[in-house]
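Enquirer: Contents of final.txt (compact mmCIF, C-alpha atoms):
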```
# COMPACT_ATOMS: atom_id res chain seq x y z
CA MET A 1034 102.12 98.28 90.11
CA ASN A 1035 103.54 98.62 93.62
CA ARG A 1036 105.59 101.78 93.25
CA LYS A 1037 107.26 101.18 96.62
CA ALA A 1038 109.35 98.51 94.87
CA LEU A 1039 111.27 101.32 93.18
CA GLN A 1040 112.34 102.56 96.60
CA LYS A 1041 114.39 99.37 96.99
CA LEU A 1042 116.97 100.64 94.50
CA SER A 1043 120.06 101.84 96.36
CA TYR A 1044 121.70 105.25 96.08
CA GLY A 1045 124.24 107.47 97.74
CA VAL A 1046 123.73 111.07 98.81
CA TYR A 1047 125.59 113.77 96.95
CA ILE A 1048 125.83 117.51 96.51
CA VAL A 1049 125.96 118.28 92.79
CA THR A 1050 127.48 121.68 92.04
CA THR A 1051 128.31 123.77 89.04
CA ALA A 1052 129.59 127.28 88.38
CA ASP A 1053 130.62 129.80 85.83
CA SER A 1054 132.83 132.80 86.43
CA SER A 1055 130.11 134.73 88.28
CA THR A 1056 127.62 132.35 89.95
CA SER A 1057 127.48 128.95 91.59
CA ALA A 1058 124.56 126.53 91.94
CA GLY A 1059 124.14 123.25 93.76
CA CYS A 1060 121.56 120.76 94.95
CA VAL A 1061 121.22 117.51 96.84
CA ALA A 1062 121.08 114.48 94.56
CA ASN A 1063 120.88 110.75 95.01
CA SER A 1064 120.90 109.72 91.35
CA ALA A 1065 124.51 109.32 90.27
CA MET A 1066 126.28 106.31 88.86
CA GLN A 1067 129.42 105.44 86.99
CA ILE A 1068 128.63 104.39 83.43
CA THR A 1069 131.99 103.53 81.89
CA SER A 1070 135.48 102.84 83.17
CA SER A 1071 137.51 103.85 80.11
CA PRO A 1072 137.12 106.74 79.83
CA ALA A 1073 135.66 107.28 83.29
CA GLN A 1074 132.13 108.60 82.75
CA VAL A 1075 129.45 109.28 85.34
CA ALA A 1076 125.72 109.97 84.87
CA ILE A 1077 123.53 112.15 87.07
CA SER A 1078 119.81 112.87 86.89
CA ILE A 1079 118.62 116.39 87.69
CA ASN A 1080 115.08 117.79 87.71
CA HIS A 1081 114.34 120.41 85.07
CA ASP A 1082 112.95 122.73 87.76
CA ASN A 1083 116.22 122.88 89.68
CA ALA A 1084 118.34 125.97 89.18
CA THR A 1085 121.31 123.59 89.13
CA HIS A 1086 119.84 121.94 86.00
CA ASP A 1087 119.89 125.13 83.96
CA ALA A 1088 123.29 126.07 85.34
CA ILE A 1089 124.77 122.72 84.24
CA VAL A 1090 123.24 123.18 80.78
CA GLN A 1091 124.86 126.62 80.69
CA ASN A 1092 128.26 125.63 82.10
CA GLN A 1093 128.53 122.11 80.62
CA LYS A 1094 130.33 120.89 83.70
CA PHE A 1095 129.48 119.70 87.18
CA ALA A 1096 131.03 118.29 90.34
CA ILE A 1097 129.80 115.55 92.64
CA SER A 1098 130.64 115.83 96.35
CA VAL A 1099 130.17 112.44 98.01
CA LEU A 1100 128.72 112.73 101.51
CA ALA A 1101 129.71 110.40 104.34
CA THR A 1102 127.52 109.11 107.16
CA ASP A 1103 129.06 111.65 109.55
CA THR A 1104 127.98 114.63 107.40
CA GLU A 1105 126.35 117.42 109.41
CA PRO A 1106 122.62 117.36 108.58
CA ALA A 1107 122.75 121.15 108.36
CA LEU A 1108 125.07 120.86 105.35
CA ILE A 1109 122.49 118.78 103.52
CA GLY A 1110 119.88 121.29 104.62
CA SER A 1111 121.88 124.11 103.07
CA PHE A 1112 121.55 122.54 99.63
CA GLY A 1113 118.08 121.01 99.86
CA TYR A 1114 114.53 122.32 99.97
CA ARG A 1115 115.41 125.75 98.60
CA SER A 1116 116.61 127.14 95.31
CA SER A 1117 119.94 128.59 94.21
CA ARG A 1118 117.75 131.22 92.53
CA ASP A 1119 116.67 132.52 95.94
CA VAL A 1120 119.65 132.08 98.22
CA ASP A 1121 123.41 131.70 98.06
CA LYS A 1122 123.62 128.09 99.15
CA PHE A 1123 127.39 128.34 99.44
CA ALA A 1124 127.32 131.03 102.14
CA GLY A 1125 129.23 129.67 105.11
CA ILE A 1126 130.03 126.38 103.33
CA ALA A 1127 133.71 125.49 103.09
CA CYS A 1128 134.58 124.76 99.46
CA GLU A 1129 137.63 124.20 97.33
CA MET A 1130 137.67 125.02 93.64
CA HIS A 1131 138.44 122.21 91.22
CA ASP A 1132 138.19 122.82 87.47
CA GLY A 1133 136.33 126.03 88.26
CA ILE A 1134 133.63 124.28 90.30
CA PRO A 1135 133.14 124.54 94.07
CA VAL A 1136 133.58 121.17 95.77
CA LEU A 1137 132.61 120.76 99.42
CA THR A 1138 135.66 120.57 101.66
CA ASN A 1139 133.73 118.22 103.95
CA ALA A 1140 132.92 115.77 101.16
CA MET A 1141 134.54 112.38 101.70
CA ALA A 1142 135.28 112.19 97.97
CA TRP A 1143 134.61 114.26 94.87
CA MET A 1144 134.82 114.28 91.11
CA THR A 1145 134.56 116.98 88.46
CA CYS A 1146 133.02 116.25 85.07
CA ARG A 1147 132.45 117.87 81.70
CA VAL A 1148 129.11 117.11 80.07
CA VAL A 1149 129.55 114.91 76.98
CA GLN A 1150 125.93 113.81 76.37
CA THR A 1151 122.46 114.55 77.71
CA MET A 1152 119.16 112.66 77.61
CA ASP A 1153 115.89 114.53 78.16
CA CYS A 1154 113.71 112.16 80.19
CA GLY A 1155 110.67 114.42 80.67
CA THR A 1156 110.85 115.94 84.12
CA HIS A 1157 114.58 115.19 84.46
CA THR A 1158 117.73 115.26 82.36
CA ILE A 1159 120.45 112.65 82.48
CA PHE A 1160 123.82 114.37 82.16
CA LEU A 1161 126.65 112.07 81.11
CA GLY A 1162 129.93 113.53 82.32
CA GLU A 1163 133.48 112.56 81.52
CA VAL A 1164 135.47 112.70 84.74
CA LEU A 1165 138.10 115.44 84.66
CA ASP A 1166 139.51 115.00 88.14
CA ALA A 1167 138.64 113.09 91.31
CA ASP A 1168 140.03 112.52 94.77
CA ILE A 1169 139.27 111.12 98.20
CA ASN A 1170 139.35 113.49 101.19
CA LYS A 1171 138.52 110.99 103.94
CA GLU A 1172 139.78 107.51 103.23
CA SER A 1173 138.08 105.77 106.13
CA ALA A 1174 134.70 107.49 105.91
CA ILE A 1175 131.60 105.49 105.03
CA PRO A 1176 129.52 106.75 102.10
CA MET A 1177 126.05 107.84 103.16
CA THR A 1178 123.36 105.79 101.45
CA TYR A 1179 119.97 107.24 100.64
CA LEU A 1180 118.47 104.61 102.92
CA TYR A 1181 120.69 105.83 105.77
CA TYR A 1182 119.71 109.41 105.03
CA HIS A 1183 116.03 108.58 105.25
CA SER A 1184 116.21 106.29 108.26
CA VAL A 1185 118.85 108.04 110.38
CA ILE A 1186 119.54 111.61 109.26
CA LYS A 1187 116.07 112.85 108.40
CA GLY A 1188 114.78 112.23 111.88
CA LYS A 1189 117.66 114.24 113.31
CA SER A 1190 117.29 117.43 111.30
CA PRO A 1191 118.04 120.33 113.63
CA LYS A 1192 115.23 122.82 114.10
CA ASN A 1193 117.10 125.59 112.32
CA ALA A 1194 117.88 123.45 109.30
CA PRO A 1195 115.78 123.87 106.19
CA THR A 1196 115.16 120.12 106.27
CA TYR A 1197 113.44 120.36 109.62
CA VAL A 1198 109.80 119.33 109.45
CA PRO A 1199 107.72 119.93 112.60
CA ASP A 1200 105.86 116.63 112.37
CA GLU A 1201 109.12 114.67 112.26
CA THR A 1202 109.46 114.90 116.02
CA MET B 179 142.95 111.86 89.15
CA ASN B 180 142.41 109.39 91.98
CA ARG B 181 140.07 106.90 90.31
CA LYS B 182 139.31 105.28 93.66
CA ALA B 183 137.10 108.29 94.41
CA LEU B 184 134.61 106.90 91.90
CA GLN B 185 134.29 103.81 94.05
CA LYS B 186 132.67 105.98 96.73
CA LEU B 187 129.46 106.24 94.70
CA SER B 188 126.80 103.94 96.15
CA TYR B 189 124.88 101.25 94.30
CA GLY B 190 122.65 98.28 94.85
CA VAL B 191 123.13 94.79 93.43
CA TYR B 192 120.68 93.59 90.82
CA ILE B 193 120.05 90.84 88.31
CA VAL B 194 118.96 92.42 85.02
CA THR B 195 117.06 90.00 82.80
CA THR B 196 115.35 90.04 79.44
CA ALA B 197 113.69 87.50 77.18
CA ASP B 198 111.90 86.92 73.95
CA SER B 199 109.66 83.97 73.15
CA SER B 200 112.59 81.58 72.79
CA THR B 201 115.57 82.69 74.87
CA SER B 202 116.38 84.45 78.13
CA ALA B 203 119.46 86.41 79.14
CA GLY B 204 120.57 88.01 82.36
CA CYS B 205 123.54 89.51 84.16
CA VAL B 206 124.59 91.03 87.46
CA ALA B 207 124.39 94.81 87.48
CA ASN B 208 125.01 97.54 90.01
CA SER B 209 124.18 100.52 87.82
CA ALA B 210 120.44 101.17 88.08
CA MET B 211 118.64 104.29 89.23
CA GLN B 212 115.21 105.83 89.04
CA ILE B 213 115.20 108.85 86.76
CA THR B 214 111.63 110.18 86.86
CA SER B 215 108.61 109.63 89.05
CA SER B 216 105.84 110.51 86.59
CA PRO B 217 105.95 108.40 84.57
CA ALA B 218 108.13 106.02 86.56
CA GLN B 219 111.32 105.58 84.56
CA VAL B 220 114.49 103.72 85.49
CA ALA B 221 117.94 103.76 83.83
CA ILE B 222 120.42 100.90 83.71
CA SER B 223 123.92 100.73 82.25
CA ILE B 224 124.97 97.54 80.46
CA ASN B 225 128.28 96.70 78.77
CA HIS B 226 128.14 96.24 75.00
CA ASP B 227 129.95 92.92 75.33
CA ASN B 228 127.26 91.38 77.53
CA ALA B 229 124.83 89.02 75.84
CA THR B 230 122.16 90.71 77.94
CA HIS B 231 122.93 94.01 76.17
CA ASP B 232 122.14 92.66 72.71
CA ALA B 233 119.11 90.81 74.03
CA ILE B 234 117.68 94.03 75.54
CA VAL B 235 118.29 95.84 72.24
CA GLN B 236 116.42 93.02 70.52
CA ASN B 237 113.56 92.68 72.99
CA GLN B 238 113.23 96.35 74.01
CA LYS B 239 112.35 95.36 77.54
CA PHE B 240 114.11 94.30 80.73
CA ALA B 241 113.47 93.42 84.35
CA ILE B 242 115.43 94.36 87.46
CA SER B 243 115.50 91.87 90.33
CA VAL B 244 116.61 93.65 93.52
CA LEU B 245 118.85 91.45 95.69
CA ALA B 246 118.75 91.54 99.48
CA THR B 247 121.64 91.12 101.91
CA ASP B 248 120.55 87.52 102.55
CA THR B 249 120.87 86.52 98.90
CA GLU B 250 122.77 83.29 98.38
CA PRO B 251 126.16 84.18 96.84
CA ALA B 252 125.68 81.23 94.50
CA LEU B 253 122.74 83.01 92.91
CA ILE B 254 124.94 85.99 92.09
CA GLY B 255 127.54 83.57 90.82
CA SER B 256 124.98 82.04 88.48
CA PHE B 257 124.55 85.35 86.68
CA GLY B 258 128.08 86.76 86.91
CA TYR B 259 131.46 85.91 85.42
CA ARG B 260 129.99 83.94 82.52
CA SER B 261 127.93 84.64 79.44
CA SER B 262 124.34 83.85 78.56
CA ARG B 263 125.83 82.92 75.18
CA ASP B 264 127.62 79.95 76.75
CA VAL B 265 125.34 78.69 79.49
CA ASP B 266 121.70 78.75 80.51
CA LYS B 267 122.04 81.00 83.53
CA PHE B 268 118.44 80.30 84.50
CA ALA B 269 118.98 76.54 84.97
CA GLY B 270 117.95 75.70 88.52
CA ILE B 271 116.99 79.33 89.29
CA ALA B 272 113.42 79.86 90.51
CA CYS B 273 111.75 82.53 88.38
CA GLU B 274 108.32 83.96 87.79
CA MET B 275 107.33 85.51 84.49
CA HIS B 276 106.22 89.14 84.47
CA ASP B 277 105.50 90.90 81.18
CA GLY B 278 107.24 88.00 79.46
CA ILE B 279 110.48 88.44 81.39
CA PRO B 280 111.85 86.02 84.00
CA VAL B 281 112.10 87.68 87.43
CA LEU B 282 113.96 85.93 90.24
CA THR B 283 111.57 84.49 92.81
CA ASN B 284 114.18 85.18 95.50
CA ALA B 285 114.44 88.87 94.62
CA MET B 286 113.27 91.13 97.45
CA ALA B 287 111.67 93.43 94.87
CA TRP B 288 111.42 93.66 91.09
CA MET B 289 110.30 95.86 88.24
CA THR B 290 109.70 95.29 84.54
CA CYS B 291 110.42 98.01 82.00
CA ARG B 292 110.04 98.78 78.31
CA VAL B 293 112.92 100.63 76.70
CA VAL B 294 111.95 104.19 75.75
CA GLN B 295 115.38 105.73 75.08
CA THR B 296 119.00 104.64 74.83
CA MET B 297 122.32 106.47 75.10
CA ASP B 298 125.46 104.92 73.62
CA CYS B 299 128.25 105.78 76.06
CA GLY B 300 131.13 103.95 74.36
CA THR B 301 131.66 100.64 76.12
CA HIS B 302 128.20 100.74 77.73
CA THR B 303 124.64 101.68 76.83
CA ILE B 304 122.25 103.48 79.15
CA PHE B 305 118.78 102.01 78.68
CA LEU B 306 115.97 104.24 79.93
CA GLY B 307 112.97 102.08 80.75
CA GLU B 308 109.41 103.04 81.57
CA VAL B 309 108.27 100.84 84.43
CA LEU B 310 105.49 98.48 83.37
CA ASP B 311 105.00 96.65 86.64
CA ALA B 312 106.74 96.37 90.01
CA ASP B 313 106.29 94.67 93.35
CA ILE B 314 107.96 93.82 96.63
CA ASN B 315 108.42 90.15 97.52
CA LYS B 316 110.07 90.58 100.93
CA GLU B 317 108.94 93.69 102.75
CA SER B 318 111.42 93.50 105.62
CA ALA B 319 114.50 92.53 103.61
CA ILE B 320 117.44 94.93 103.38
CA PRO B 321 118.64 95.83 99.89
CA MET B 322 122.17 94.63 99.24
CA THR B 323 124.50 97.52 98.51
CA TYR B 324 127.49 97.15 96.23
CA LEU B 325 129.68 98.04 99.22
CA TYR B 326 128.12 95.18 101.19
CA TYR B 327 128.66 92.87 98.23
CA HIS B 328 132.35 93.80 98.10
CA SER B 329 133.04 93.90 101.83
CA VAL B 330 130.93 91.01 103.10
CA ILE B 331 130.32 88.71 100.16
CA LYS B 332 133.79 89.57 98.83
CA GLY B 333 132.56 89.95 95.29
CA LYS B 334 134.89 91.40 92.73
CA SER B 335 133.85 93.60 89.82
CA PRO B 336 133.65 91.56 86.63
CA LYS B 337 135.56 92.96 83.69
CA ASN B 338 132.41 94.27 81.98
CA ALA B 339 131.19 96.30 84.97
CA PRO B 340 131.25 100.10 84.77
CA THR B 341 133.06 100.09 88.08
CA TYR B 342 135.75 97.64 86.97
CA VAL B 343 139.23 98.62 88.10
CA PRO B 344 141.98 97.00 86.05
CA ASP B 345 144.34 96.36 88.95
CA GLU B 346 141.73 94.42 90.92
CA THR B 347 142.79 90.81 91.24
```
As a first step, turn the structure in this file into structure tokens.
Expert:
Amino acid sequence: MNRKALQKLSYGVYIVTTADSSTSAGCVANSAMQITSSPAQVAISINHDNATHDAIVQNQKFAISVLATDTEPALIGSFGYRSSRDVDKFAGIACEMHDGIPVLTNAMAWMTCRVVQTMDCGTHTIFLGEVLDADINKESAIPMTYLYYHSVIKGKSPKNAPTYVPDET
Amino acid sequence: MNRKALQKLSYGVYIVTTADSSTSAGCVANSAMQITSSPAQVAISINHDNATHDAIVQNQKFAISVLATDTEPALIGSFGYRSSRDVDKFAGIACEMHDGIPVLTNAMAWMTCRVVQTMDCGTHTIFLGEVLDADINKESAIPMTYLYYHSVIKGKSPKNAPTYVPDET
């Protein structure tokens, strides 16, 4: 098996968030796809080890912030490579609350979902969410693909961003 | 809810195929994503009305052929907008057999999977497949995104797609 073939599947880049009345959690995700049109349902895949995973299980709702190609790499860095258990990832990040969940103000589009089914897949869980609300913030923006993120953004991580890796330069 | 926000999720364009000893079925799909790395598992979403859906349920295996930007639109046309119940979609299509499933020779990459879990989501089923085999046919090809398909190839979502929007003409 040539596992690199799996890297030819295409994805976007998203910040998945969730919250209850006291705490918020969020992480970078690429695995999100619409499953049904009527009702509108979306599936995401989240690693069991992520704090966001347990928070979604607890809260039974999540939001997807869709990132555009012009997203500041530092914003992605805020939500990646560290845990919501250790830091407040939302510190300094502009958010708007929708259905009780923080959605990134700089997202080009967003949707809020309530969990209707889950599938335990071993290391990850697929959460199937019925879309509660959704909107577009930036009509003309171009969605960031995972390929774009890897080929363009990753090499431009600023030195103070958590995504910065010394050997990238 | 602005349903157009859901169209900002990113996808690739794939031909999902399956077969038993006597018949083959296949359809165009955009909803495929890797779920776990160890073991390698991939999820697809297929409409209940598709002949390919029932054939996957029957055969408990499927293949994903990853299409590149240079894919002939006619090839996509061969697998879309008509049913494997009515026509032999594989007539005139170059295929190679992997794990008993026809994989498109012109795919830039492919993977074969055995179904390990399913989730009934109403109009669609999520099939979770453990990857049996995978390879890259064209190393330098660029995966076709669903956005590219819509904006360059001018494809429209067929009625059975998860991303179908009723007011699309």
Enquirer: Please report as a PyMOL selection string which residues of chain B come no farther than 7 Å from chain A, using only C-alpha atoms.
Expert: chain B and resi 179-181+183+186-190+209+211+213-214+223+287-288+301-302+311-314+321+323+340-342
Enquirer: Present chain A as a compact mmCIF listing (two decimals) with C-alpha atoms, in the frame of the given file, least-squares fitted onto chain B over all of its C-alpha atoms paired in order.
Expert:
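Output (part.txt):
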```
# COMPACT_ATOMS: atom_id res chain seq x y z
CA MET A 1034 140.72 115.62 87.26
CA ASN A 1035 140.65 113.08 90.09
CA ARG A 1036 138.53 110.35 88.54
CA LYS A 1037 138.20 108.60 91.91
CA ALA A 1038 135.68 111.31 92.84
CA LEU A 1039 133.22 109.64 90.48
CA GLN A 1040 133.42 106.50 92.60
CA LYS A 1041 131.72 108.43 95.42
CA LEU A 1042 128.39 108.31 93.59
CA SER A 1043 126.15 105.68 95.18
CA TYR A 1044 124.44 102.79 93.43
CA GLY A 1045 122.61 99.57 94.10
CA VAL A 1046 123.39 96.18 92.58
CA TYR A 1047 120.92 94.70 90.15
CA ILE A 1048 120.45 91.91 87.65
CA VAL A 1049 118.97 93.37 84.47
CA THR A 1050 117.20 90.77 82.34
CA THR A 1051 115.30 90.63 79.11
CA ALA A 1052 113.78 87.94 76.91
CA ASP A 1053 111.84 87.16 73.82
CA SER A 1054 109.92 83.98 73.14
CA SER A 1055 113.08 81.93 72.53
CA THR A 1056 116.06 83.38 74.45
CA SER A 1057 116.86 85.21 77.65
CA ALA A 1058 119.77 87.52 78.48
CA GLY A 1059 120.90 89.20 81.67
CA CYS A 1060 123.79 91.03 83.26
CA VAL A 1061 124.87 92.64 86.51
CA ALA A 1062 124.25 96.38 86.59
CA ASN A 1063 124.69 99.15 89.09
CA SER A 1064 123.37 102.04 87.00
CA ALA A 1065 119.63 102.26 87.53
CA MET A 1066 117.54 105.12 88.82
CA GLN A 1067 113.96 106.25 88.90
CA ILE A 1068 113.44 109.26 86.65
CA THR A 1069 109.77 110.15 87.03
CA SER A 1070 107.00 109.29 89.45
CA SER A 1071 103.98 109.81 87.18
CA PRO A 1072 104.17 107.74 85.13
CA ALA A 1073 106.77 105.64 86.93
CA GLN A 1074 109.83 105.58 84.68
CA VAL A 1075 113.25 104.10 85.38
CA ALA A 1076 116.54 104.55 83.50
CA ILE A 1077 119.32 102.00 83.16
CA SER A 1078 122.71 102.26 81.48
CA ILE A 1079 124.02 99.22 79.60
CA ASN A 1080 127.30 98.79 77.71
CA HIS A 1081 126.98 98.33 73.96
CA ASP A 1082 129.19 95.22 74.15
CA ASN A 1083 126.82 93.37 76.47
CA ALA A 1084 124.59 90.76 74.89
CA THR A 1085 121.86 92.11 77.18
CA HIS A 1086 122.14 95.49 75.40
CA ASP A 1087 121.29 94.08 71.99
CA ALA A 1088 118.59 91.87 73.48
CA ILE A 1089 116.89 94.89 75.11
CA VAL A 1090 117.07 96.78 71.81
CA GLN A 1091 115.44 93.75 70.17
CA ASN A 1092 112.80 93.08 72.83
CA GLN A 1093 112.10 96.68 73.92
CA LYS A 1094 111.56 95.56 77.48
CA PHE A 1095 113.63 94.71 80.52
CA ALA A 1096 113.36 93.75 84.18
CA ILE A 1097 115.40 94.88 87.15
CA SER A 1098 115.94 92.40 89.99
CA VAL A 1099 117.06 94.27 93.11
CA LEU A 1100 119.67 92.34 95.10
CA ALA A 1101 119.82 92.41 98.89
CA THR A 1102 122.91 92.28 101.10
CA ASP A 1103 122.27 88.59 101.81
CA THR A 1104 122.43 87.64 98.11
CA GLU A 1105 124.61 84.59 97.44
CA PRO A 1106 127.79 85.84 95.73
CA ALA A 1107 127.50 82.91 93.34
CA LEU A 1108 124.26 84.38 91.98
CA ILE A 1109 126.06 87.59 91.09
CA GLY A 1110 128.83 85.47 89.62
CA SER A 1111 126.33 83.70 87.38
CA PHE A 1112 125.44 86.97 85.67
CA GLY A 1113 128.80 88.75 85.71
CA TYR A 1114 132.12 88.34 83.93
CA ARG A 1115 130.72 86.19 81.13
CA SER A 1116 128.38 86.70 78.22
CA SER A 1117 124.85 85.50 77.54
CA ARG A 1118 126.22 84.78 74.06
CA ASP A 1119 128.43 82.02 75.48
CA VAL A 1120 126.48 80.50 78.34
CA ASP A 1121 122.92 80.15 79.58
CA LYS A 1122 123.21 82.38 82.62
CA PHE A 1123 119.79 81.27 83.82
CA ALA A 1124 120.76 77.61 84.19
CA GLY A 1125 120.08 76.64 87.79
CA ILE A 1126 118.77 80.12 88.67
CA ALA A 1127 115.28 80.24 90.14
CA CYS A 1128 113.17 82.71 88.15
CA GLU A 1129 109.58 83.76 87.82
CA MET A 1130 108.19 85.18 84.60
CA HIS A 1131 106.67 88.65 84.72
CA ASP A 1132 105.54 90.33 81.50
CA GLY A 1133 107.48 87.68 79.60
CA ILE A 1134 110.78 88.46 81.35
CA PRO A 1135 112.58 86.22 83.84
CA VAL A 1136 112.87 87.87 87.25
CA LEU A 1137 115.09 86.32 89.92
CA THR A 1138 113.06 84.61 92.61
CA ASN A 1139 115.74 85.57 95.14
CA ALA A 1140 115.55 89.27 94.29
CA MET A 1141 114.31 91.36 97.21
CA ALA A 1142 112.29 93.48 94.77
CA TRP A 1143 111.75 93.71 91.03
CA MET A 1144 110.20 95.77 88.29
CA THR A 1145 109.42 95.16 84.63
CA CYS A 1146 109.65 97.97 82.09
CA ARG A 1147 108.93 98.69 78.45
CA VAL A 1148 111.48 100.88 76.68
CA VAL A 1149 110.01 104.30 75.84
CA GLN A 1150 113.19 106.24 74.95
CA THR A 1151 116.89 105.58 74.46
CA MET A 1152 119.98 107.80 74.52
CA ASP A 1153 123.18 106.64 72.82
CA CYS A 1154 126.00 107.82 75.09
CA GLY A 1155 128.96 106.34 73.17
CA THR A 1156 130.00 103.14 74.88
CA HIS A 1157 126.66 102.81 76.71
CA THR A 1158 122.96 103.31 76.06
CA ILE A 1159 120.53 104.80 78.53
CA PHE A 1160 117.23 102.94 78.28
CA LEU A 1161 114.27 104.81 79.73
CA GLY A 1162 111.61 102.31 80.74
CA GLU A 1163 108.04 102.84 81.80
CA VAL A 1164 107.34 100.51 84.71
CA LEU A 1165 104.79 97.84 83.80
CA ASP A 1166 104.74 95.95 87.07
CA ALA A 1167 106.73 95.86 90.31
CA ASP A 1168 106.70 94.08 93.64
CA ILE A 1169 108.67 93.42 96.79
CA ASN A 1170 109.62 89.81 97.61
CA LYS A 1171 111.44 90.42 100.90
CA GLU A 1172 110.10 93.36 102.84
CA SER A 1173 112.77 93.45 105.52
CA ALA A 1174 115.80 92.87 103.30
CA ILE A 1175 118.42 95.58 102.91
CA PRO A 1176 119.28 96.64 99.36
CA MET A 1177 122.87 95.85 98.44
CA THR A 1178 124.81 98.99 97.59
CA TYR A 1179 127.65 98.96 95.10
CA LEU A 1180 129.93 100.07 97.91
CA TYR A 1181 128.85 97.04 99.97
CA TYR A 1182 129.42 94.79 96.98
CA HIS A 1183 132.95 96.06 96.53
CA SER A 1184 133.92 96.15 100.19
CA VAL A 1185 132.18 93.03 101.51
CA ILE A 1186 131.04 90.67 98.75
CA LYS A 1187 133.94 90.85 96.32
CA GLY A 1188 136.41 89.63 98.89
CA LYS A 1189 134.19 86.65 99.61
CA SER A 1190 133.74 85.30 96.10
CA PRO A 1191 133.81 81.51 96.32
CA LYS A 1192 136.54 79.81 94.33
CA ASN A 1193 134.09 78.23 91.92
CA ALA A 1194 132.32 81.49 91.19
CA PRO A 1195 133.15 83.33 88.00
CA THR A 1196 133.85 86.41 90.12
CA TYR A 1197 136.65 84.67 91.94
CA VAL A 1198 140.01 86.31 91.33
CA PRO A 1199 143.07 84.46 92.68
CA ASP A 1200 144.80 87.60 93.92
CA GLU A 1201 141.77 88.58 96.00
CA THR A 1202 142.80 86.21 98.76
```
Enquirer: Compute the distance from (116.8, 129.8, 99.7) to each atom, counting only C-alpha atoms, keep the residues with any atom at most 8 Å away, and return them as a CSV table (one decimal) with C-alpha atoms, in the coordinates of the input; use the coordinates of the file.
Expert:
```
chain,number,residue,atom,x,y,z
A,1114,TYR,CA,114.5,122.3,100.0
A,1115,ARG,CA,115.4,125.8,98.6
A,1116,SER,CA,116.6,127.1,95.3
A,1117,SER,CA,119.9,128.6,94.2
A,1118,ARG,CA,117.8,131.2,92.5
A,1119,ASP,CA,116.7,132.5,95.9
A,1120,VAL,CA,119.6,132.1,98.2
A,1121,ASP,CA,123.4,131.7,98.1
A,1122,LYS,CA,123.6,128.1,99.2
```
Enquirer: Interatomic distance between atom CA of A:Ile1186 and atom CA of A:Pro1106?
Expert: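 Going from atom CA of A:Ile1186 over to atom CA of A:Pro1106, I get 6.6 Å.
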Enquirer: Between atom CA of A:Arg1147 and atom CA of B:Asp232, measure the distance and give it in Å to one decimal.
Expert: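 Computed distance, atom CA of A:Arg1147 to atom CA of B:Asp232, equals 28.7 Å.
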Enquirer: Taking 3 positions as the minimum chain separation for residues in the same chain, which residues sit within 8 Å of stretch 1129-1135 of chain A when counting all atoms listed in the file? Answer as a ChimeraX atom specification.
Expert: /A:1050-1054,1057,1095-1096,1138,1145,1165-1166
Enquirer: Please report the interatomic distance between atom CA of A:Thr1085 and atom CA of A:Phe1112 in Å with one decimal.
Expert: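 Going from atom CA of A:Thr1085 over to atom CA of A:Phe1112 covers 10.6 Å.
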Enquirer: Which residue out of B:Gly258, B:Ser200, B:Gly270, B:Ala285 has the minimum interatomic distance to B:Asn228 when only C-alpha atoms are used?
Expert: B:Gly258
Enquirer: Compare A:Ala1084, A:Val1061, A:Val1185, A:Val1148 by their minimum atom-to-atom distance to A:Leu1108, counting all atoms listed in the file, and give me the closest one.
Expert: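 Closest candidate: A:Val1061.
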Enquirer: Let me have the centre and edge lengths of the axis-aligned box enclosing all listed atoms of stretch 1091-1098 of chain A with 4 Å padding on every side, in Å to one decimal, as JSON.
Expert:
```
{"center_x": 127.9, "center_y": 121.1, "center_z": 88.5, "size_x": 14.2, "size_y": 19.1, "size_z": 23.7}
```
Enquirer: With all atoms listed in the file as the basis for distance, which of B:Gln236, B:Ala252, B:Thr247, B:Val281 is at the shortest distance from B:Gly204?
Expert: B:Val281
